[in-house]
$ cat run29.cif   # mmCIF, C-alpha atoms
data_input
loop_
_atom_site.group_PDB
_atom_site.id
_atom_site.type_symbol
_atom_site.label_atom_id
_atom_site.label_comp_id
_atom_site.auth_asym_id
_atom_site.auth_seq_id
_atom_site.Cartn_x
_atom_site.Cartn_y
_atom_site.Cartn_z
ATOM 1 C CA MET A 727 -15.351 -8.690 38.129
ATOM 2 C CA ASN A 728 -14.659 -9.754 34.573
ATOM 3 C CA THR A 729 -11.877 -7.616 33.110
ATOM 4 C CA SER A 730 -13.489 -7.154 29.682
ATOM 5 C CA LEU A 731 -16.609 -5.747 31.336
ATOM 6 C CA LEU A 732 -14.575 -3.387 33.491
ATOM 7 C CA GLU A 733 -12.626 -2.189 30.458
ATOM 8 C CA SER A 734 -15.866 -1.524 28.564
ATOM 9 C CA VAL A 735 -17.300 0.462 31.462
ATOM 10 C CA GLN A 736 -14.128 2.529 31.784
ATOM 11 C CA GLN A 737 -14.069 3.286 28.050
ATOM 12 C CA SER A 738 -17.756 4.239 27.848
ATOM 13 C CA ASP A 739 -17.328 7.794 29.095
ATOM 14 C CA GLY A 740 -20.346 9.833 27.968
ATOM 15 C CA ARG A 741 -22.261 6.998 26.285
ATOM 16 C CA TYR A 742 -24.264 3.882 27.008
ATOM 17 C CA LEU A 743 -22.665 0.485 26.532
ATOM 18 C CA SER A 744 -23.548 -1.431 23.367
ATOM 19 C CA ASP A 745 -25.203 -4.846 23.438
ATOM 20 C CA SER A 746 -21.885 -6.532 22.692
ATOM 21 C CA GLU A 747 -20.223 -4.598 25.517
ATOM 22 C CA LEU A 748 -23.011 -5.671 27.888
ATOM 23 C CA ARG A 749 -22.722 -9.357 26.946
ATOM 24 C CA PRO A 750 -20.011 -10.051 29.583
ATOM 25 C CA LEU A 751 -22.293 -8.543 32.244
ATOM 26 C CA ALA A 752 -25.184 -10.756 31.147
ATOM 27 C CA GLN A 753 -22.907 -13.803 31.275
ATOM 28 C CA PHE A 754 -21.566 -12.722 34.667
ATOM 29 C CA VAL A 755 -25.095 -12.397 36.068
ATOM 30 C CA ALA A 756 -26.331 -15.629 34.468
ATOM 31 C CA SER A 757 -23.491 -17.668 35.943
ATOM 32 C CA PHE A 758 -23.366 -15.943 39.321
ATOM 33 C CA ASP A 759 -25.522 -18.451 41.222
ATOM 34 C CA SER A 760 -23.334 -21.369 40.154
ATOM 35 C CA ARG A 761 -20.139 -19.460 40.912
ATOM 36 C CA PHE A 762 -21.496 -18.383 44.306
ATOM 37 C CA ARG A 763 -22.435 -21.975 45.214
ATOM 38 C CA THR A 764 -18.958 -23.141 44.198
ATOM 39 C CA TYR A 765 -17.344 -20.370 46.263
ATOM 40 C CA THR A 766 -19.445 -21.355 49.284
ATOM 41 C CA ARG A 767 -18.583 -25.051 48.931
ATOM 42 C CA LEU A 768 -14.871 -24.258 48.781
ATOM 43 C CA LYS A 769 -15.162 -21.981 51.807
ATOM 44 C CA ASP A 770 -17.033 -24.633 53.793
ATOM 45 C CA GLU A 771 -15.152 -27.742 52.635
ATOM 46 C CA GLY A 772 -11.699 -26.478 51.650
ATOM 47 C CA ASP A 773 -9.931 -27.737 54.776
ATOM 48 C CA ALA A 774 -11.405 -31.222 54.453
ATOM 49 C CA LEU A 775 -10.644 -31.391 50.716
ATOM 50 C CA VAL A 776 -6.989 -30.510 51.281
ATOM 51 C CA ILE A 777 -6.551 -32.934 54.188
ATOM 52 C CA LYS A 778 -8.098 -35.787 52.189
ATOM 53 C CA ALA A 779 -5.898 -34.962 49.191
ATOM 54 C CA LEU A 780 -2.762 -35.034 51.336
ATOM 55 C CA ARG A 781 -3.834 -38.311 52.946
ATOM 56 C CA GLN A 782 -4.181 -39.825 49.469
ATOM 57 C CA LEU A 783 -0.494 -39.071 48.926
ATOM 58 C CA MET A 784 0.677 -40.810 52.113
ATOM 59 C CA PRO A 785 0.941 -44.320 50.598
ATOM 60 C CA THR A 786 2.959 -42.919 47.677
ATOM 61 C CA GLY A 787 6.582 -41.804 47.599
ATOM 62 C CA HIS A 788 5.611 -38.498 49.206
ATOM 63 C CA ARG A 789 5.073 -39.841 52.731
ATOM 64 C CA ALA A 790 8.299 -38.382 54.164
ATOM 65 C CA VAL A 791 7.700 -35.000 52.537
ATOM 66 C CA ILE A 792 4.164 -34.829 53.901
ATOM 67 C CA GLN A 793 5.294 -35.827 57.379
ATOM 68 C CA GLU A 794 7.987 -33.148 57.355
ATOM 69 C CA HIS A 795 6.211 -30.360 55.458
ATOM 70 C CA GLY A 796 2.542 -31.327 55.766
ATOM 71 C CA ALA A 797 1.483 -28.173 57.596
ATOM 72 C CA LYS A 798 3.075 -25.953 54.925
ATOM 73 C CA CYS A 799 1.544 -28.028 52.134
ATOM 74 C CA GLN A 800 -1.847 -27.795 53.783
ATOM 75 C CA ARG A 801 -1.486 -24.019 54.225
ATOM 76 C CA ASP A 802 -0.412 -23.478 50.620
ATOM 77 C CA MET A 803 -3.104 -25.720 49.145
ATOM 78 C CA LEU A 804 -5.798 -24.067 51.232
ATOM 79 C CA TYR A 805 -4.564 -20.644 50.121
ATOM 80 C CA THR A 806 -4.728 -21.888 46.528
ATOM 81 C CA LEU A 807 -8.360 -22.902 47.028
ATOM 82 C CA GLN A 808 -9.111 -19.501 48.547
ATOM 83 C CA CYS A 809 -7.585 -17.749 45.518
ATOM 84 C CA ILE A 810 -9.516 -20.018 43.169
ATOM 85 C CA ALA A 811 -12.746 -19.377 45.069
ATOM 86 C CA LYS A 812 -12.279 -15.619 44.739
ATOM 87 C CA ALA A 813 -11.421 -15.898 41.047
ATOM 88 C CA ILE A 814 -14.511 -18.038 40.455
ATOM 89 C CA LEU A 815 -16.758 -15.656 42.372
ATOM 90 C CA LEU A 816 -15.436 -12.662 40.421
ATOM 91 C CA ASP A 817 -15.215 -14.620 37.142
ATOM 92 C CA ASN A 818 -11.589 -13.563 36.860
ATOM 93 C CA PRO A 819 -9.366 -16.355 35.499
ATOM 94 C CA ASP A 820 -6.869 -13.832 34.115
ATOM 95 C CA GLY A 821 -6.426 -12.259 37.540
ATOM 96 C CA PHE A 822 -5.864 -15.696 39.051
ATOM 97 C CA ILE A 823 -3.049 -16.385 36.611
ATOM 98 C CA GLU A 824 -1.471 -12.943 36.884
ATOM 99 C CA GLU A 825 -1.781 -12.546 40.648
ATOM 100 C CA TYR A 826 -1.365 -16.087 41.914
ATOM 101 C CA VAL A 827 -0.173 -18.678 39.397
ATOM 102 C CA VAL A 828 2.894 -16.716 38.298
ATOM 103 C CA TRP A 829 3.869 -16.092 41.922
ATOM 104 C CA MET A 830 3.317 -19.710 42.999
ATOM 105 C CA GLN A 831 5.134 -21.051 39.944
ATOM 106 C CA ASN A 832 8.178 -18.921 40.747
ATOM 107 C CA ILE A 833 8.289 -20.050 44.377
ATOM 108 C CA THR A 834 7.783 -23.707 43.497
ATOM 109 C CA ARG A 835 10.504 -23.620 40.848
ATOM 110 C CA ALA A 836 12.931 -21.825 43.162
ATOM 111 C CA LEU A 837 12.443 -24.620 45.710
ATOM 112 C CA HIS A 838 12.602 -27.355 43.015
ATOM 113 C CA LYS A 839 9.251 -28.767 44.187
ATOM 114 C CA GLU A 840 7.373 -28.859 40.870
ATOM 115 C CA SER A 841 6.952 -32.638 40.824
ATOM 116 C CA SER A 842 5.566 -32.947 44.343
ATOM 117 C CA ALA A 843 3.342 -29.889 43.802
ATOM 118 C CA ILE A 844 1.909 -31.427 40.635
ATOM 119 C CA ASP A 845 1.168 -34.675 42.475
ATOM 120 C CA ALA A 846 -0.424 -32.816 45.393
ATOM 121 C CA TYR A 847 -2.680 -30.700 43.188
ATOM 122 C CA ARG A 848 -3.667 -33.704 41.063
ATOM 123 C CA SER A 849 -4.647 -35.440 44.280
ATOM 124 C CA LEU A 850 -6.685 -32.363 45.207
ATOM 125 C CA GLN A 851 -8.363 -32.463 41.796
ATOM 126 C CA ALA A 852 -9.354 -36.081 42.373
ATOM 127 C CA GLU A 853 -10.806 -35.216 45.765
ATOM 128 C CA ILE A 854 -12.707 -32.260 44.304
ATOM 129 C CA THR A 855 -14.124 -34.455 41.535
ATOM 130 C CA ALA A 856 -15.242 -37.042 44.095
ATOM 131 C CA THR A 857 -16.756 -34.512 46.512
ATOM 132 C CA LEU A 858 -18.193 -31.498 44.706
ATOM 133 C CA PRO A 859 -21.087 -31.420 42.232
ATOM 134 C CA GLN A 860 -19.946 -31.870 38.634
ATOM 135 C CA GLU A 861 -20.376 -28.217 37.623
ATOM 136 C CA ALA A 862 -18.442 -26.964 40.656
ATOM 137 C CA ALA A 863 -15.718 -29.580 40.202
ATOM 138 C CA GLN A 864 -15.256 -28.577 36.568
ATOM 139 C CA LEU A 865 -14.949 -24.908 37.529
ATOM 140 C CA VAL A 866 -12.390 -25.531 40.271
ATOM 141 C CA ASN A 867 -10.411 -28.145 38.364
ATOM 142 C CA GLY A 868 -10.114 -25.795 35.394
ATOM 143 C CA TYR A 869 -8.218 -23.374 37.618
ATOM 144 C CA LEU A 870 -6.121 -26.185 39.096
ATOM 145 C CA ASP A 871 -5.282 -27.318 35.548
ATOM 146 C CA LYS A 872 -3.795 -23.880 34.888
ATOM 147 C CA LEU A 873 -1.691 -24.101 38.042
ATOM 148 C CA ILE A 874 -0.501 -27.637 37.273
ATOM 149 C CA THR A 875 0.381 -26.645 33.703
ATOM 150 C CA ALA A 876 2.415 -23.725 35.036
ATOM 151 C CA PHE A 877 4.333 -26.092 37.321
ATOM 152 C CA ALA A 878 4.924 -28.599 34.514
ATOM 153 C CA GLU A 879 5.589 -26.348 31.530
ATOM 154 C CA GLY A 880 5.775 -22.781 32.775
ATOM 155 C CA LEU A 881 3.667 -19.928 31.520
#
$ encode --input "run29.cif" --output "structure tokens"
Amino acid sequence: MNTSLLESVQQSDGRYLSDSELRPLAQFVASFDSRFRTYTRLKDEGDALVIKALRQLMPTGHRAVIQEHGAKCQRDMLYTLQCIAKAILLDNPDGFIEEYVVWMQNITRALHKESSAIDAYRSLQAEITATLPQEAAQLVNGYLDKLITAFAEGL
């Protein structure tokens, strides 16, 4: 759940939360239906989204890489969508960055694969924009933007 809400609850020992401390909970509840629908779409369509994104890269200069490492790319991109889905459901963008983006950035840099990762995730963004409803696509692509920025510029 949202970290600011959890911090407020933990610090409220012996008292009720104030209206300003409850605001994150109200926002969490108000946006839950949209976040749940997005989570469900990613769970149901994640495999197809990743496969279509990788197929879009085949006519580009990444054909040989996809043929050789396609299964690993597919696995990693699907895991990324799973992490994004959980972060969206829990409304936890900070946790996504701390627990996933930093880790993935380090691995990608160690393997010198930033450029191909950026292209792959941009392709995934395009597929998400074409497939998911606008609100869901904006949510997911916001998280992918953070990952792509980490690959390109670091955190």
$ closest_residue --input "run29.cif" --among "A:Leu873, A:Ala752, A:Leu783, A:Leu816" --to "A:Val828" --atoms "all atoms listed in the file"
A:Leu873
$ closest_residue --input "run29.cif" --among "A:Cys809, A:Leu780, A:Leu837, A:Cys799" --to "A:Glu853" --atoms "all atoms listed in the file"
A:Leu780
$ closest_residue --input "run29.cif" --among "A:Ala790, A:Ala779, A:Ile833, A:Leu731" --to "A:Phe754" --atoms "all atoms listed in the file"
A:Leu731
$ resolve_selection --input "run29.cif" --expression "the PyMOL selection byres ((chain A and resi 857) around 12)" --output "MDAnalysis selection string"
chainID A and resid 764 767:768 771:772 774:776 778:779 850:856 858:864 866
$ closest_atom_pairs --input "run29.cif" --of "stretch 744-801 of chain A" --to "stretch 842-845 of chain A" --cutoff "12 Å" --atoms "all atoms listed in the file" --output "JSON lines"
{"residue": "A:Ala779", "atom": "CA", "partner": "A:Asp845", "partner_atom": "CA", "distance": 9.8}
{"residue": "A:Leu780", "atom": "CA", "partner": "A:Asp845", "partner_atom": "CA", "distance": 9.7}
{"residue": "A:Gln782", "atom": "CA", "partner": "A:Asp845", "partner_atom": "CA", "distance": 10.2}
{"residue": "A:Leu783", "atom": "CA", "partner": "A:Asp845", "partner_atom": "CA", "distance": 8.0}
{"residue": "A:Met784", "atom": "CA", "partner": "A:Asp845", "partner_atom": "CA", "distance": 11.4}
{"residue": "A:Thr786", "atom": "CA", "partner": "A:Asp845", "partner_atom": "CA", "distance": 9.9}
{"residue": "A:Gly787", "atom": "CA", "partner": "A:Ser842", "partner_atom": "CA", "distance": 9.5}
{"residue": "A:His788", "atom": "CA", "partner": "A:Ser842", "partner_atom": "CA", "distance": 7.4}
{"residue": "A:Arg789", "atom": "CA", "partner": "A:Ser842", "partner_atom": "CA", "distance": 10.9}
{"residue": "A:Ala790", "atom": "CA", "partner": "A:Ser842", "partner_atom": "CA", "distance": 11.6}
{"residue": "A:Val791", "atom": "CA", "partner": "A:Ser842", "partner_atom": "CA", "distance": 8.7}
{"residue": "A:Ile792", "atom": "CA", "partner": "A:Ser842", "partner_atom": "CA", "distance": 9.8}
{"residue": "A:His795", "atom": "CA", "partner": "A:Ser842", "partner_atom": "CA", "distance": 11.4}
{"residue": "A:Gly796", "atom": "CA", "partner": "A:Ser842", "partner_atom": "CA", "distance": 11.9}
{"residue": "A:Lys798", "atom": "CA", "partner": "A:Ala843", "partner_atom": "CA", "distance": 11.8}
{"residue": "A:Cys799", "atom": "CA", "partner": "A:Ala843", "partner_atom": "CA", "distance": 8.7}
{"residue": "A:Gln800", "atom": "CA", "partner": "A:Ala843", "partner_atom": "CA", "distance": 11.4}
$ residues_around --input "run29.cif" --residues "A:Glu733" --least-positions-apart "2" --cutoff "12 Å" --atoms "all atoms listed in the file" --output "MDAnalysis selection string"
chainID A and resid 727:731 735:739 743 747:748 750:751
$ axis_aligned_box --input "run29.cif" --around "stretch 749-759 of chain A" --padding-each-side "4 Å" --output "AutoDock Vina command-line options"
--center_x -23.2 --center_y -13.5 --center_z 34.1 --size_x 14.3 --size_y 17.9 --size_z 22.3
$ atom_distance --input "run29.cif" --atom1 "atom CA of A:Ala836" --atom2 "atom CA of A:Asn867"
24.7 Å
$ atom_distance --input "run29.cif" --atom1 "atom CA of A:Glu794" --atom2 "atom CA of A:Ala811"
27.8 Å
$ resolve_selection --input "run29.cif" --expression "the PyMOL selection byres ((chain A and resi 815) around 7)" --output "MDAnalysis selection string"
chainID A and resid 761:762 765 811:814 816:817
$ write_last_selection --input "run29.cif" --atoms "C-alpha atoms" --output "compact mmCIF listing (two decimals), in the frame of the given file"
# COMPACT_ATOMS: atom_id res chain seq x y z
CA ARG A 761 -20.14 -19.46 40.91
CA PHE A 762 -21.50 -18.38 44.31
CA TYR A 765 -17.34 -20.37 46.26
CA ALA A 811 -12.75 -19.38 45.07
CA LYS A 812 -12.28 -15.62 44.74
CA ALA A 813 -11.42 -15.90 41.05
CA ILE A 814 -14.51 -18.04 40.46
CA LEU A 816 -15.44 -12.66 40.42
CA ASP A 817 -15.22 -14.62 37.14
$ resolve_selection --input "run29.cif" --expression "the PyMOL selection byres ((chain A and resi 874-876) around 9)" --output "list of chain:residue names"
A:Val827, A:Val828, A:Met830, A:Gln831, A:Glu840, A:Ala843, A:Ile844, A:Asp845, A:Tyr847, A:Arg848, A:Tyr869, A:Leu870, A:Asp871, A:Lys872, A:Leu873, A:Phe877, A:Ala878, A:Glu879, A:Gly880, A:Leu881
$ write_last_selection --input "run29.cif" --atoms "C-alpha atoms" --output "PDB file, in the coordinates of the input"
ATOM      1  CA  VAL A 827      -0.173 -18.678  39.397  1.00  0.00           C
ATOM      2  CA  VAL A 828       2.894 -16.716  38.298  1.00  0.00           C
ATOM      3  CA  MET A 830       3.317 -19.710  42.999  1.00  0.00           C
ATOM      4  CA  GLN A 831       5.134 -21.051  39.944  1.00  0.00           C
ATOM      5  CA  GLU A 840       7.373 -28.859  40.870  1.00  0.00           C
ATOM      6  CA  ALA A 843       3.342 -29.889  43.802  1.00  0.00           C
ATOM      7  CA  ILE A 844       1.909 -31.427  40.635  1.00  0.00           C
ATOM      8  CA  ASP A 845       1.168 -34.675  42.475  1.00  0.00           C
ATOM      9  CA  TYR A 847      -2.680 -30.700  43.188  1.00  0.00           C
ATOM     10  CA  ARG A 848      -3.667 -33.704  41.063  1.00  0.00           C
ATOM     11  CA  TYR A 869      -8.218 -23.374  37.618  1.00  0.00           C
ATOM     12  CA  LEU A 870      -6.121 -26.185  39.096  1.00  0.00           C
ATOM     13  CA  ASP A 871      -5.282 -27.318  35.548  1.00  0.00           C
ATOM     14  CA  LYS A 872      -3.795 -23.880  34.888  1.00  0.00           C
ATOM     15  CA  LEU A 873      -1.691 -24.101  38.042  1.00  0.00           C
ATOM     16  CA  PHE A 877       4.333 -26.092  37.321  1.00  0.00           C
ATOM     17  CA  ALA A 878       4.924 -28.599  34.514  1.00  0.00           C
ATOM     18  CA  GLU A 879       5.589 -26.348  31.530  1.00  0.00           C
ATOM     19  CA  GLY A 880       5.775 -22.781  32.775  1.00  0.00           C
ATOM     20  CA  LEU A 881       3.667 -19.928  31.520  1.00  0.00           C
TER      21      LEU A 881
END
$ atom_distance --input "run29.cif" --atom1 "atom CA of A:Asp770" --atom2 "atom CA of A:Asn832"
29.0 Å
